[in-house]
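Heads up, protein-v7.csv below (CSV, C-alpha atoms):
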chain,number,residue,atom,x,y,z
A,6,MET,CA,48.2,109.7,91.2
A,7,SER,CA,48.6,106.0,90.5
A,8,ILE,CA,45.8,104.2,88.8
A,9,ARG,CA,44.7,101.2,91.0
A,10,PHE,CA,41.9,98.7,90.9
A,11,ASP,CA,42.0,97.2,94.4
A,12,GLY,CA,38.7,95.6,95.4
A,13,GLN,CA,37.4,95.8,91.8
A,14,VAL,CA,36.4,92.9,89.5
A,15,ALA,CA,37.1,92.9,85.8
A,16,ILE,CA,36.0,90.7,82.9
A,17,VAL,CA,38.2,90.7,79.9
A,18,THR,CA,37.0,88.8,76.8
A,19,GLY,CA,39.5,87.3,74.3
A,20,ALA,CA,42.1,87.4,77.1
A,21,GLY,CA,44.1,84.3,76.1
A,22,GLY,CA,46.6,86.3,74.0
A,23,GLY,CA,47.5,89.5,72.4
A,24,LEU,CA,45.7,92.7,73.6
A,25,GLY,CA,43.4,90.8,75.9
A,26,ARG,CA,46.2,89.1,77.7
A,27,GLN,CA,48.0,92.4,78.3
A,28,HIS,CA,44.8,94.0,79.5
A,29,ALA,CA,44.2,91.2,82.0
A,30,LEU,CA,47.8,91.1,83.2
A,31,ALA,CA,47.8,94.9,83.8
A,32,LEU,CA,44.5,95.0,85.6
A,33,ALA,CA,45.6,92.2,87.9
A,34,ALA,CA,48.9,93.8,88.5
A,35,ARG,CA,47.1,96.9,89.7
A,36,GLY,CA,44.8,95.0,92.1
A,37,ALA,CA,41.8,93.9,90.1
A,38,LYS,CA,40.4,90.4,90.4
A,39,VAL,CA,40.1,89.3,86.7
A,40,VAL,CA,37.9,86.9,84.8
A,41,VAL,CA,40.1,85.7,81.9
A,42,ASN,CA,37.6,84.8,79.2
A,43,ASP,CA,38.7,83.0,76.1
A,44,PHE,CA,37.1,80.5,73.9
A,45,GLY,CA,40.4,79.0,72.7
A,46,ARG,CA,41.3,75.4,73.3
A,47,ALA,CA,44.7,74.1,74.3
A,48,ALA,CA,47.2,74.0,71.4
A,49,GLU,CA,48.5,70.7,70.2
A,50,GLY,CA,51.1,69.4,72.7
A,51,GLN,CA,50.0,71.9,75.3
A,52,THR,CA,48.2,70.9,78.6
A,53,LEU,CA,46.9,74.4,79.3
A,54,THR,CA,44.5,76.6,77.3
A,55,ALA,CA,45.7,80.1,76.5
A,56,ALA,CA,43.3,81.5,79.2
A,57,GLU,CA,44.6,79.0,81.8
A,58,ALA,CA,48.2,80.0,81.0
A,59,VAL,CA,47.2,83.7,81.6
A,60,VAL,CA,45.6,82.9,84.9
A,61,ARG,CA,48.8,81.0,85.9
A,62,GLU,CA,50.8,84.0,85.0
A,63,ILE,CA,48.6,86.4,87.0
A,64,GLU,CA,48.7,84.1,90.0
A,65,ALA,CA,52.5,83.8,89.8
A,66,GLY,CA,52.7,87.5,90.1
A,67,GLY,CA,50.5,87.5,93.2
A,68,GLY,CA,47.3,88.4,91.5
A,69,THR,CA,43.8,86.8,91.5
A,70,ALA,CA,42.1,85.4,88.4
A,71,VAL,CA,39.8,82.7,87.1
A,72,VAL,CA,39.3,81.2,83.7
A,73,ASN,CA,36.0,81.3,81.8
A,74,ALA,CA,35.7,79.6,78.4
A,75,ALA,CA,32.3,80.8,77.3
A,76,SER,CA,32.0,82.1,73.7
A,77,VAL,CA,30.9,85.7,73.6
A,78,THR,CA,28.4,84.6,70.9
A,79,ASP,CA,26.7,82.3,73.4
A,80,ALA,CA,24.3,84.6,75.4
A,81,GLN,CA,23.5,81.9,77.9
A,82,GLY,CA,27.1,81.1,78.5
A,83,VAL,CA,27.9,84.8,79.0
A,84,ALA,CA,25.0,85.2,81.4
A,85,ALA,CA,26.4,82.2,83.4
A,86,MET,CA,29.9,83.8,83.4
A,87,VAL,CA,28.4,87.0,84.8
A,88,ALA,CA,26.3,85.1,87.4
A,89,GLU,CA,29.3,83.1,88.5
A,90,THR,CA,31.5,86.2,88.8
A,91,VAL,CA,28.9,88.0,91.0
A,92,GLN,CA,28.5,84.8,93.1
A,93,ARG,CA,32.3,84.5,93.6
A,94,TRP,CA,33.3,88.1,94.1
A,95,GLY,CA,30.0,90.1,94.7
A,96,ARG,CA,30.4,92.7,91.9
A,97,ILE,CA,31.6,93.5,88.4
A,98,ASP,CA,33.3,96.9,88.0
A,99,ILE,CA,34.9,96.6,84.6
A,100,LEU,CA,34.1,94.9,81.3
A,101,VAL,CA,36.6,94.9,78.4
A,102,ASN,CA,35.0,93.7,75.2
A,103,ASN,CA,38.1,92.6,73.4
A,104,ALA,CA,37.2,89.2,71.8
A,105,GLY,CA,37.4,89.2,68.0
A,106,ILE,CA,38.2,87.3,64.8
A,107,LEU,CA,39.2,88.2,61.2
A,108,ARG,CA,37.7,86.9,58.0
A,109,ASP,CA,39.3,89.3,55.5
A,110,LYS,CA,38.3,89.3,51.8
A,111,THR,CA,37.2,91.9,49.4
A,112,PHE,CA,33.4,92.4,49.5
A,113,ALA,CA,33.0,91.0,46.0
A,114,LYS,CA,34.6,87.7,47.1
A,115,MET,CA,33.2,87.5,50.6
A,116,ASP,CA,30.9,84.7,51.7
A,117,LEU,CA,28.0,86.3,53.6
A,118,ALA,CA,28.4,83.6,56.3
A,119,ASP,CA,31.8,85.2,57.1
A,120,PHE,CA,30.2,88.6,57.2
A,121,ARG,CA,27.7,87.4,59.7
A,122,LEU,CA,30.3,85.6,61.8
A,123,VAL,CA,32.4,88.6,62.2
A,124,LEU,CA,29.4,90.7,63.2
A,125,ASP,CA,28.3,88.0,65.6
A,126,VAL,CA,31.6,87.9,67.4
A,127,HIS,CA,32.6,91.5,67.5
A,128,LEU,CA,29.2,93.3,67.7
A,129,MET,CA,26.8,90.7,69.2
A,130,GLY,CA,29.6,89.4,71.4
A,131,ALA,CA,30.0,92.8,73.0
A,132,VAL,CA,26.2,93.2,73.1
A,133,ASN,CA,25.8,89.9,74.9
A,134,CYS,CA,28.5,90.7,77.5
A,135,THR,CA,27.4,94.3,78.1
A,136,HIS,CA,23.7,93.3,78.4
A,137,ALA,CA,24.6,90.7,81.0
A,138,VAL,CA,26.7,93.1,83.2
A,139,TRP,CA,24.4,96.1,82.7
A,140,PRO,CA,21.9,95.3,85.6
A,141,VAL,CA,24.8,94.5,87.9
A,142,MET,CA,26.5,97.8,87.2
A,143,ARG,CA,23.2,99.7,87.5
A,144,ALA,CA,22.5,98.2,90.8
A,145,GLN,CA,25.9,99.0,92.2
A,146,LYS,CA,25.8,102.5,90.6
A,147,TYR,CA,29.3,102.0,89.1
A,148,GLY,CA,30.7,100.5,85.9
A,149,ARG,CA,33.4,100.9,83.3
A,150,ILE,CA,32.9,99.3,79.9
A,151,VAL,CA,35.2,99.4,76.9
A,152,MET,CA,34.3,98.5,73.3
A,153,THR,CA,37.3,97.6,71.1
A,154,THR,CA,36.7,99.4,67.9
A,155,SER,CA,39.2,99.9,65.0
A,156,SER,CA,40.6,102.3,62.5
A,157,SER,CA,39.1,99.9,59.9
A,158,GLY,CA,35.7,100.9,61.2
A,159,LEU,CA,36.5,104.6,61.8
A,160,TYR,CA,38.2,105.1,58.4
A,161,GLY,CA,37.8,102.0,56.3
A,162,ASN,CA,40.4,99.3,55.3
A,163,PHE,CA,40.6,97.4,52.0
A,164,GLY,CA,39.3,93.8,52.4
A,165,GLN,CA,37.7,94.4,55.8
A,166,SER,CA,34.1,95.4,55.1
A,167,ASN,CA,32.8,92.9,57.6
A,168,TYR,CA,35.3,93.8,60.3
A,169,GLY,CA,34.9,97.5,59.6
A,170,ALA,CA,31.1,97.4,59.8
A,171,ALA,CA,31.2,95.5,63.1
A,172,LYS,CA,33.8,97.9,64.6
A,173,MET,CA,31.9,101.0,63.6
A,174,ALA,CA,28.7,99.5,65.0
A,175,LEU,CA,30.5,99.3,68.4
A,176,VAL,CA,31.0,103.1,68.3
A,177,GLY,CA,27.3,103.6,67.8
A,178,LEU,CA,26.6,101.2,70.7
A,179,MET,CA,29.0,103.1,72.9
A,180,GLN,CA,27.5,106.5,72.1
A,181,THR,CA,24.1,105.5,73.2
A,182,LEU,CA,25.1,103.4,76.2
A,183,ALA,CA,27.3,106.2,77.6
A,184,LEU,CA,24.2,108.4,77.6
A,185,GLU,CA,21.9,105.8,79.1
A,186,GLY,CA,24.5,104.7,81.7
A,187,GLU,CA,25.5,108.2,82.9
A,188,LYS,CA,22.8,108.5,85.7
A,189,ASP,CA,23.9,105.1,87.1
A,190,GLY,CA,27.7,105.9,87.2
A,191,ILE,CA,28.4,103.7,84.1
A,192,ARG,CA,31.0,105.1,81.8
A,193,VAL,CA,31.4,103.6,78.3
A,194,ASN,CA,34.3,104.2,75.9
A,195,CYS,CA,35.9,102.8,72.8
A,196,LEU,CA,39.5,101.8,72.3
A,197,ALA,CA,40.9,101.7,68.7
A,198,PRO,CA,44.2,99.8,69.0
A,199,THR,CA,47.0,99.3,66.5
A,200,ALA,CA,48.9,96.3,67.7
A,201,ALA,CA,50.6,93.2,66.6
A,202,THR,CA,48.5,90.2,67.7
A,203,ARG,CA,47.8,86.6,66.6
A,204,MET,CA,45.4,88.1,64.0
A,205,THR,CA,48.2,90.3,62.4
A,206,GLU,CA,51.2,87.9,62.4
A,207,GLY,CA,52.9,87.7,59.1
A,208,LEU,CA,51.3,90.9,57.8
A,209,LEU,CA,53.9,93.4,59.0
A,210,PRO,CA,57.8,93.5,59.0
A,211,PRO,CA,59.6,92.7,62.3
A,212,ALA,CA,60.7,96.3,62.9
A,213,VAL,CA,57.1,97.5,62.8
A,214,LEU,CA,55.9,94.6,64.9
A,215,ALA,CA,58.3,95.4,67.6
A,216,ARG,CA,56.9,98.9,67.9
A,217,LEU,CA,53.3,97.7,67.8
A,218,ALA,CA,53.5,95.4,70.9
A,219,PRO,CA,50.1,95.0,72.6
A,220,GLU,CA,51.5,96.4,75.9
A,221,ALA,CA,51.9,99.8,74.2
A,222,VAL,CA,48.1,100.0,73.9
A,223,THR,CA,47.1,98.9,77.4
A,224,PRO,CA,48.0,102.1,79.3
A,225,GLY,CA,45.1,103.7,77.4
A,226,LEU,CA,42.8,100.9,78.4
A,227,LEU,CA,43.7,101.4,82.0
A,228,HIS,CA,42.6,105.0,81.9
A,229,LEU,CA,39.4,104.2,80.1
A,230,VAL,CA,38.4,101.8,82.9
A,231,SER,CA,39.7,103.8,85.9
A,232,ARG,CA,37.6,105.7,88.4
A,233,ASP,CA,38.5,108.9,86.7
A,234,ALA,CA,37.6,107.6,83.2
A,235,PRO,CA,36.0,109.8,80.6
A,236,THR,CA,32.8,108.6,78.9
A,237,ARG,CA,31.9,108.6,75.2
A,238,ALA,CA,35.6,108.8,74.2
A,239,ILE,CA,37.1,107.1,71.2
A,240,LEU,CA,40.8,106.6,72.2
A,241,CYS,CA,43.2,105.5,69.5
A,242,ALA,CA,46.4,103.8,70.6
A,243,GLY,CA,49.5,102.2,69.0
A,244,ALA,CA,53.2,102.1,69.5
A,245,GLY,CA,52.9,104.2,72.7
A,246,THR,CA,51.1,107.0,70.9
A,247,PHE,CA,47.5,108.0,71.8
A,248,GLU,CA,45.0,110.0,69.9
A,249,ARG,CA,41.3,110.9,70.1
A,250,ALA,CA,38.8,110.3,67.3
A,251,HIS,CA,35.6,112.2,67.0
A,252,VAL,CA,32.4,111.9,65.0
A,253,THR,CA,31.8,115.6,64.0
A,254,LEU,CA,29.2,117.7,62.4
A,255,THR,CA,29.9,120.6,60.0
A,256,ARG,CA,27.9,123.9,60.3
A,257,GLY,CA,26.2,123.0,57.0
A,258,VAL,CA,24.3,125.1,54.5
A,259,HIS,CA,20.5,125.6,54.1
A,260,VAL,CA,19.6,125.1,50.4
A,261,GLY,CA,15.8,124.8,50.9
A,262,THR,CA,13.5,122.3,49.3
A,263,GLY,CA,12.9,123.9,45.9
A,264,PRO,CA,13.1,122.1,42.6
A,265,ASP,CA,16.8,122.8,42.2
A,266,ALA,CA,17.7,121.6,45.8
A,267,ALA,CA,19.7,118.6,44.5
A,268,GLU,CA,21.7,120.9,42.2
A,269,GLN,CA,22.2,123.3,45.1
A,270,VAL,CA,23.7,120.5,47.2
A,271,ALA,CA,26.0,119.6,44.3
A,272,ALA,CA,27.1,123.2,43.7
A,273,ARG,CA,27.6,124.0,47.4
A,274,PHE,CA,29.1,120.7,48.5
A,275,ASP,CA,32.5,122.2,49.3
A,276,GLN,CA,30.7,124.7,51.5
A,277,ILE,CA,28.6,122.0,53.1
A,278,SER,CA,31.9,120.1,53.8
A,279,ASP,CA,33.7,123.1,55.3
A,280,ARG,CA,35.0,122.0,58.7
A,281,ASP,CA,35.4,125.5,60.1
A,282,GLY,CA,33.2,125.7,63.2
A,283,GLU,CA,32.4,121.9,63.2
A,284,THR,CA,31.1,120.4,66.4
A,285,VAL,CA,31.0,117.1,68.3
A,286,PRO,CA,27.3,116.6,69.0
A,287,GLY,CA,26.3,115.6,72.5
A,288,SER,CA,23.5,113.4,71.1
A,289,GLY,CA,21.9,112.6,67.8
A,290,SER,CA,19.2,115.2,68.3
A,291,GLU,CA,21.8,118.0,67.8
A,292,GLN,CA,21.9,117.2,64.1
A,293,GLY,CA,18.2,118.0,63.8
A,294,SER,CA,18.5,121.0,66.0
A,295,ASN,CA,21.3,122.4,63.7
A,296,GLU,CA,19.2,121.7,60.6
A,297,VAL,CA,16.1,123.5,61.9
A,298,ALA,CA,18.2,126.4,63.1
A,299,ARG,CA,19.8,126.8,59.7
A,300,ALA,CA,16.4,126.6,58.0
A,301,LEU,CA,15.0,129.3,60.3
A,302,GLN,CA,18.0,131.5,59.6
A,303,GLY,CA,17.7,130.8,55.9
A,304,ASN,CA,21.4,130.0,55.5

Encoded form using structure tokens:
Amino acid sequence: MSIRFDGQVAIVTGAGGGLGRQHALALAARGAKVVVNDFGRAAEGQTLTAAEAVVREIEAGGGTAVVNAASVTDAQGVAAMVAETVQRWGRIDILVNNAGILRDKTFAKMDLADFRLVLDVHLMGAVNCTHAVWPVMRAQKYGRIVMTTSSSGLYGNFGQSNYGAAKMALVGLMQTLALEGEKDGIRVNCLAPTAATRMTEGLLPPAVLARLAPEAVTPGLLHLVSRDAPTRAILCAGAGTFERAHVTLTRGVHVGTGPDAAEQVAARFDQISDRDGETVPGSGSEQGSNEVARALQGN
């Protein structure tokens, strides 16, 4: 069955280029009215901003879109964007938190101002946008929200401590919001893309860049914001390949609290790490439940 968004309204942040642009174009092509949010200004010699160019492209294809230039770090500007969208179209069905920046350096050389800036854009930008749309989605008993995480957060990447910290924080945000939104029909997921964008130009050879086109990621995004979307999923995507990432919990070993407990942890660390029988907890409380159960069993 074809995935369609007729009658739905979507906000895509950082939609002036790269992944955000592809997400906005695809949503509009499948019937959504799209708010193309991007803080970028017009390039030298250009009359249109990147967001305005995307809106023109959507309209040329018969779609409906508007520009919004609020920075995701500006909570008041984001609130105004949401209020204007509801006033114009009456609802908001989809939020794609895509806006981001890079300030790569090794941790030893990184200015803390650059650490805070990356957290502010990626993490607090998503928080600002999600917090603004949350009451709208709760009232209409429907919503689809995607956080853009990264393999740098899930698995680490040299020189990206700030970026990785922000991206993994979004996974934690998603995990809790998916639980809190379930009763109101709000599904929240993460997308971990591998794509060639403005942020990665010059870092990869041409043959690889061709495979990592942003449009190879967007099909995964479309599923995550569809009516039949999952919730609490971490979907990885790149070059037309899609994978699932999970935060898992091993069965563990009970070593007690005796004077040699630390030595027992060291001696049995391989057993503690054994992934046979590992689970994907439904909530954080399942860790405690597992620990107490092991203690009662004495193993």

Once you count only C-alpha atoms, what closest atom pair and distance in Å to one decimal does each residue of region 130-214 of chain A within 12 Å of region 231-237 of chain A have, with rows by chain and rising residue number, as a Markdown table?
| residue | atom | partner | partner_atom | distance |
| --- | --- | --- | --- | --- |
| A:Tyr147 | CA | A:Arg232 | CA | 9.1 |
| A:Gly148 | CA | A:Arg232 | CA | 9.0 |
| A:Arg149 | CA | A:Ser231 | CA | 7.4 |
| A:Ile150 | CA | A:Thr236 | CA | 9.4 |
| A:Val151 | CA | A:Thr236 | CA | 9.7 |
| A:Met152 | CA | A:Arg237 | CA | 10.6 |
| A:Leu175 | CA | A:Arg237 | CA | 11.6 |
| A:Val176 | CA | A:Arg237 | CA | 8.9 |
| A:Gly177 | CA | A:Arg237 | CA | 10.0 |
| A:Leu178 | CA | A:Arg237 | CA | 10.2 |
| A:Met179 | CA | A:Arg237 | CA | 6.6 |
| A:Gln180 | CA | A:Arg237 | CA | 5.8 |
| A:Thr181 | CA | A:Arg237 | CA | 8.6 |
| A:Leu182 | CA | A:Arg237 | CA | 8.6 |
| A:Ala183 | CA | A:Arg237 | CA | 5.7 |
| A:Leu184 | CA | A:Arg237 | CA | 8.1 |
| A:Glu185 | CA | A:Arg237 | CA | 11.1 |
| A:Gly186 | CA | A:Thr236 | CA | 9.6 |
| A:Glu187 | CA | A:Thr236 | CA | 8.3 |
| A:Gly190 | CA | A:Arg232 | CA | 10.0 |
| A:Ile191 | CA | A:Thr236 | CA | 8.4 |
| A:Arg192 | CA | A:Thr236 | CA | 4.9 |
| A:Val193 | CA | A:Thr236 | CA | 5.2 |
| A:Asn194 | CA | A:Arg237 | CA | 5.1 |
| A:Cys195 | CA | A:Arg237 | CA | 7.4 |
| A:Leu196 | CA | A:Arg237 | CA | 10.6 |

Go ahead and write the selection's residues with C-alpha atoms as a short mmCIF file (atom, residue, chain, number, x, y, z; two decimals), in the frame of the given file.
data_model
loop_
_atom_site.label_atom_id
_atom_site.label_comp_id
_atom_site.auth_asym_id
_atom_site.auth_seq_id
_atom_site.Cartn_x
_atom_site.Cartn_y
_atom_site.Cartn_z
CA TYR A 147 29.30 102.00 89.10
CA GLY A 148 30.70 100.50 85.90
CA ARG A 149 33.40 100.90 83.30
CA ILE A 150 32.90 99.30 79.90
CA VAL A 151 35.20 99.40 76.90
CA MET A 152 34.30 98.50 73.30
CA LEU A 175 30.50 99.30 68.40
CA VAL A 176 31.00 103.10 68.30
CA GLY A 177 27.30 103.60 67.80
CA LEU A 178 26.60 101.20 70.70
CA MET A 179 29.00 103.10 72.90
CA GLN A 180 27.50 106.50 72.10
CA THR A 181 24.10 105.50 73.20
CA LEU A 182 25.10 103.40 76.20
CA ALA A 183 27.30 106.20 77.60
CA LEU A 184 24.20 108.40 77.60
CA GLU A 185 21.90 105.80 79.10
CA GLY A 186 24.50 104.70 81.70
CA GLU A 187 25.50 108.20 82.90
CA GLY A 190 27.70 105.90 87.20
CA ILE A 191 28.40 103.70 84.10
CA ARG A 192 31.00 105.10 81.80
CA VAL A 193 31.40 103.60 78.30
CA ASN A 194 34.30 104.20 75.90
CA CYS A 195 35.90 102.80 72.80
CA LEU A 196 39.50 101.80 72.30
#

| task | Using CA of Leu24 (chain A) and CA of Ile106 (chain A) as the two end points, give the distance in Å to one decimal. | result | 12.8 Å

| message | Ranking A:Asn304, A:Pro210, A:Val285, A:Leu32 by minimum distance to Gly225 (chain A) and counting all atoms listed in the file, which one comes first? | response |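 Among the listed residues, A:Leu32 lies closest to Gly225 (chain A).
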
| Within 10 Å of file point (16.3, 126.0, 50.8), counting all atoms listed in the file, expressed as an MDAnalysis selection string | chainID A and resid 258:266 269:270 299:300 303:304

| task | Excluding region 80-85 of chain A and residues on its chain fewer than 6 positions from it, collect all residues at most 7 Å away from it, counting only C-alpha atoms, and give them as a list in words. | result |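 Selected residues are Asn133, Cys134 and Ala137 of chain A.
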
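Of the residues under consideration (A:Gln13, A:Ser166, A:Gly50, A:Gly19), A:Gln13 shows the shortest atom-to-atom contact distance to Gln145 (chain A) when counting all atoms listed in the file.
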
| query | Which residue gives the smallest distance to Leu128 (chain A) among A:Arg96, A:Lys172, A:Lys114, A:Leu107, with only C-alpha atoms counted? | reply |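 Selected residue with least distance to Leu128 (chain A): A:Lys172.
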
| task | Compare A:Ala65, A:Thr253, A:Ala15, A:Gly105 by their minimum atom-to-atom distance to Gly45 (chain A), counting only C-alpha atoms, and give me the closest one. | result |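 The shortest atom-to-atom distance to Gly45 (chain A) comes from A:Gly105.
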
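Rounded to one decimal, CA of Arg143 (chain A) and CA of Ala171 (chain A) lie 26.0 Å from each other.
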
| task | Go through A:Leu53, A:Met86, A:Ala58, A:Ile8 one by one, measure the shortest atom-to-atom distance of each to Gly22 (chain A) using all atoms listed in the file, and give the residue with the smallest value. | result |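 Among the listed residues, A:Ala58 lies closest to Gly22 (chain A).
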
| message | Between CA of Ala104 (chain A) and CA of Ala31 (chain A), what distance in Å does the model show, to one decimal? | response |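 Separation of CA of Ala104 (chain A) and CA of Ala31 (chain A): 17.0 Å.
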
| query | From the list A:Gly257, A:Val14, A:Val213, A:Ser76, which residue is nearest Met142 (chain A) when using only C-alpha atoms? | reply |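 Nearest candidate to Met142 (chain A) out of A:Gly257, A:Val14, A:Val213, A:Ser76: A:Val14.
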
| said: At a cut-off of 10 Å, using only C-alpha atoms, what residues contact Lys110 (chain A)? Leave out same-chain residues fewer than 3 positions from it and give the result as a ChimeraX atom specification. | reply: /A:107,113-116,119-120,163-167

| message | I'd like the neighbourhood of Ser155 (chain A) as JSON, numbers by chain, where a residue qualifies if any of its atoms comes within 8 Å (using all atoms listed in the file), though same-chain residues fewer than 6 positions away should be ignored. | response | {"A": [169, 172, 173, 196, 197, 198, 199]}

Output file for the selection above: C-alpha atoms, as a JSON list (two decimals), keeping the file's coordinate frame:
[["chain", "number", "residue", "atom", "x", "y", "z"],
["A", 169, "GLY", "CA", 34.90, 97.50, 59.60],
["A", 172, "LYS", "CA", 33.80, 97.90, 64.60],
["A", 173, "MET", "CA", 31.90, 101.00, 63.60],
["A", 196, "LEU", "CA", 39.50, 101.80, 72.30],
["A", 197, "ALA", "CA", 40.90, 101.70, 68.70],
["A", 198, "PRO", "CA", 44.20, 99.80, 69.00],
["A", 199, "THR", "CA", 47.00, 99.30, 66.50]]

| request: Could you give me, as JSON, numbers by chain, the residues that sit within 8 Å of (46.3, 105.3, 73.6) in the file's coordinates, counting all atoms listed in the file? | output: {"A": [196, 198, 221, 222, 223, 224, 225, 226, 240, 241, 242, 243, 245, 246, 247, 248]}

| task | Within 8 Å of Asn42 (chain A), counting all atoms listed in the file, which residues show up once you throw out same-chain ones fewer than 3 positions away? Write them as a PyMOL selection string, please. | result | chain A and resi 16-21+56+72-75
